Amino acid sequence: MRPEPGQVLHFSEDPTIERFVPHVAPTSQLREPYVWAVAADRCPDYWFPRACPRALAWKGPRTTAADVDRIIGAGCGDRVHVVEYGWLRAIMEVRLYAYRLPAEHFTPIGEPPHAVVARVPVRPLGPPEPVSDLFELHEQAGIQLRVLDNLWPFWSQVTSSTLEFSGIRLRNARR
């Protein structure tokens, strides 16, 4: 589930959105209203239920072989997504949709960029597309999906490593 050229994607559990209007997300540290979406490289970050906490790590240009072996695992590819056991049922049962949006309205945000944002209302290019089996998407993309009792020990290792990483909805992880 990736955008075509000239598109970005917005993932949602709501299949009824007809127009995306810039807003300030309640959890955002930014105060400017945006419509949020992702380009092809960051789509896998959102192959989860919205509230699902996840720790994501991947090889970057400065990543050492030792960190890849230690955190991702020898022979396990270039990327790992980690979730907690308590979220497996939600991952299996979620009805997730992808909205294709015109890329010309969006600019990258973050350093390095982790998403794209629009400052104007945006209409989808068509109806939302159901996202298929989330486990299968990970498998097809060659992304290791790891399930742990608790994300925090993994997160601690990732954030002190040379891997690139992202944590999404970590406030929903076990304490």
# chains A, B, ... in the order shown; residues from 1 in each chain; ligands from 1
call {"tool": "select_by_dssp", "arguments": {"residues": "chain A", "states": "strand (DSSP E)", "output": "PyMOL selection string"}}
result
chain A and resi 7-12+35-37+54-58+79-84+97-102+107-109+115-118+129-130+144-148+164-168
call {"tool": "closest_atom_pairs", "arguments": {"of": "stretch 26-74 of chain A", "to": "stretch 7-20 of chain A", "cutoff": "6 Å", "atoms": "only C-alpha atoms", "output": "CSV"}}
result
residue,atom,partner,partner_atom,distance
A:Ala37,CA,A:His10,CA,4.6
A:Val38,CA,A:Leu9,CA,5.4
A:Ala39,CA,A:Val8,CA,5.0
call {"tool": "select_by_dssp", "arguments": {"residues": "stretch 43-114 of chain A", "states": "helix (DSSP H, G or I)", "output": "list in words"}}
result
Cys43, Pro44, Asp45, Tyr46, Ala65, Ala66, Asp67, Val68, Asp69, Arg70, Ile71, Ile72, Gly73, Tyr85, Gly86, Trp87, Leu88, Arg89, Ala90, Ile91, Met92, Glu93, Ala103, Glu104 and His105 of chain A
call {"tool": "residues_around", "arguments": {"residues": "A:Ala65", "least_positions_apart": "3", "cutoff": "12 Å", "atoms": "only C-alpha atoms", "output": "PyMOL selection string"}}
result
chain A and resi 58-62+68-75+77-78+161-163
call {"tool": "write_last_selection", "arguments": {"atoms": "C-alpha atoms", "output": "CSV table (one decimal), in the first residue's frame"}}
result
chain,number,residue,atom,x,y,z
A,58,TRP,CA,15.9,0.9,10.2
A,59,LYS,CA,19.4,1.0,8.7
A,60,GLY,CA,20.7,4.5,7.9
A,61,PRO,CA,23.8,5.8,6.3
A,62,ARG,CA,25.6,6.0,9.7
A,68,VAL,CA,22.1,-3.9,12.9
A,69,ASP,CA,23.1,-7.3,14.3
A,70,ARG,CA,22.3,-6.4,17.9
A,71,ILE,CA,18.9,-4.7,17.3
A,72,ILE,CA,17.5,-5.8,14.0
A,73,GLY,CA,19.1,-9.2,14.0
A,74,ALA,CA,21.6,-10.8,11.7
A,75,GLY,CA,19.9,-11.9,8.5
A,77,GLY,CA,16.7,-7.3,6.8
A,78,ASP,CA,17.1,-3.6,7.1
A,161,SER,CA,22.1,3.1,18.7
A,162,THR,CA,23.2,4.3,15.3
A,163,LEU,CA,19.9,3.1,13.7
call {"tool": "residues_around", "arguments": {"residues": "A:Asp45", "least_positions_apart": "2", "cutoff": "10 Å", "atoms": "only C-alpha atoms", "output": "count of residues only"}}
result
14
call {"tool": "residues_around", "arguments": {"residues": "stretch 24-30 of chain A", "least_positions_apart": "5", "cutoff": "10 Å", "atoms": "only C-alpha atoms", "output": "PyMOL selection string"}}
result
chain A and resi 35-36+169
call {"tool": "decode", "arguments": {"residues": "stretch 69-165 of chain A", "atoms": "C-alpha atoms", "output": "CSV table (one decimal), in the first residue's frame"}}
result
chain,number,residue,atom,x,y,z
A,69,ASP,CA,23.1,-7.3,14.3
A,70,ARG,CA,22.3,-6.4,17.9
A,71,ILE,CA,18.9,-4.7,17.3
A,72,ILE,CA,17.5,-5.8,14.0
A,73,GLY,CA,19.1,-9.2,14.0
A,74,ALA,CA,21.6,-10.8,11.7
A,75,GLY,CA,19.9,-11.9,8.5
A,76,CYS,CA,16.7,-10.1,9.4
A,77,GLY,CA,16.7,-7.3,6.8
A,78,ASP,CA,17.1,-3.6,7.1
A,79,ARG,CA,14.0,-2.6,9.2
A,80,VAL,CA,12.1,-3.8,12.2
A,81,HIS,CA,8.7,-2.7,13.6
A,82,VAL,CA,8.0,-3.6,17.3
A,83,VAL,CA,4.6,-3.8,18.9
A,84,GLU,CA,3.3,-5.2,22.2
A,85,TYR,CA,1.4,-8.5,22.5
A,86,GLY,CA,-1.6,-6.6,23.8
A,87,TRP,CA,-2.1,-5.0,20.4
A,88,LEU,CA,-2.0,-8.1,18.2
A,89,ARG,CA,-5.8,-8.6,18.1
A,90,ALA,CA,-6.3,-4.9,17.1
A,91,ILE,CA,-3.7,-5.3,14.4
A,92,MET,CA,-5.5,-8.4,13.1
A,93,GLU,CA,-9.0,-6.8,13.3
A,94,VAL,CA,-8.6,-3.2,12.3
A,95,ARG,CA,-10.3,-1.9,9.2
A,96,LEU,CA,-7.7,0.5,7.9
A,97,TYR,CA,-8.1,2.7,4.8
A,98,ALA,CA,-5.7,4.7,2.6
A,99,TYR,CA,-6.7,8.0,1.1
A,100,ARG,CA,-4.7,9.0,-2.0
A,101,LEU,CA,-4.1,12.8,-1.9
A,102,PRO,CA,-2.5,15.0,-4.6
A,103,ALA,CA,1.2,15.5,-3.6
A,104,GLU,CA,1.4,19.1,-5.0
A,105,HIS,CA,-0.4,20.4,-1.9
A,106,PHE,CA,2.2,18.9,0.5
A,107,THR,CA,5.6,19.8,1.8
A,108,PRO,CA,8.0,17.7,3.9
A,109,ILE,CA,8.1,18.4,7.7
A,110,GLY,CA,10.7,17.4,10.3
A,111,GLU,CA,14.4,17.0,10.2
A,112,PRO,CA,14.9,14.6,8.7
A,113,PRO,CA,11.4,14.7,7.1
A,114,HIS,CA,9.0,12.1,8.6
A,115,ALA,CA,5.8,13.2,7.0
A,116,VAL,CA,4.3,15.7,4.5
A,117,VAL,CA,1.8,18.4,5.4
A,118,ALA,CA,-0.6,20.7,3.6
A,119,ARG,CA,-1.8,24.0,4.9
A,120,VAL,CA,-4.9,24.1,2.8
A,121,PRO,CA,-8.0,21.8,2.7
A,122,VAL,CA,-7.4,18.8,0.5
A,123,ARG,CA,-9.9,16.5,-1.3
A,124,PRO,CA,-9.0,12.8,-1.8
A,125,LEU,CA,-8.3,11.7,-5.4
A,126,GLY,CA,-11.0,9.0,-5.0
A,127,PRO,CA,-12.7,6.9,-2.5
A,128,PRO,CA,-10.6,5.4,0.4
A,129,GLU,CA,-9.0,2.0,-0.4
A,130,PRO,CA,-9.2,-0.7,2.2
A,131,VAL,CA,-5.7,-1.7,3.4
A,132,SER,CA,-5.1,-5.4,3.2
A,133,ASP,CA,-3.7,-7.7,5.8
A,134,LEU,CA,-1.2,-5.7,7.8
A,135,PHE,CA,1.0,-8.7,8.6
A,136,GLU,CA,1.1,-9.5,4.9
A,137,LEU,CA,2.1,-5.9,4.0
A,138,HIS,CA,5.0,-6.2,6.4
A,139,GLU,CA,6.1,-9.5,4.9
A,140,GLN,CA,5.9,-8.2,1.3
A,141,ALA,CA,7.9,-5.2,2.2
A,142,GLY,CA,10.6,-7.3,3.9
A,143,ILE,CA,10.0,-5.6,7.3
A,144,GLN,CA,10.4,-7.7,10.4
A,145,LEU,CA,7.4,-7.4,12.7
A,146,ARG,CA,8.5,-8.2,16.3
A,147,VAL,CA,6.1,-8.6,19.2
A,148,LEU,CA,7.3,-8.0,22.8
A,149,ASP,CA,5.7,-7.8,26.2
A,150,ASN,CA,6.9,-4.2,26.6
A,151,LEU,CA,8.3,-1.7,24.1
A,152,TRP,CA,10.5,0.3,26.5
A,153,PRO,CA,13.6,-1.9,26.8
A,154,PHE,CA,13.7,-2.1,22.9
A,155,TRP,CA,13.1,1.7,22.6
A,156,SER,CA,16.0,2.4,25.0
A,157,GLN,CA,18.3,0.3,22.9
A,158,VAL,CA,17.2,1.8,19.6
A,159,THR,CA,17.4,5.4,20.8
A,160,SER,CA,21.0,4.9,22.0
A,161,SER,CA,22.1,3.1,18.7
A,162,THR,CA,23.2,4.3,15.3
A,163,LEU,CA,19.9,3.1,13.7
A,164,GLU,CA,17.4,5.5,12.3
A,165,PHE,CA,14.2,5.3,14.4
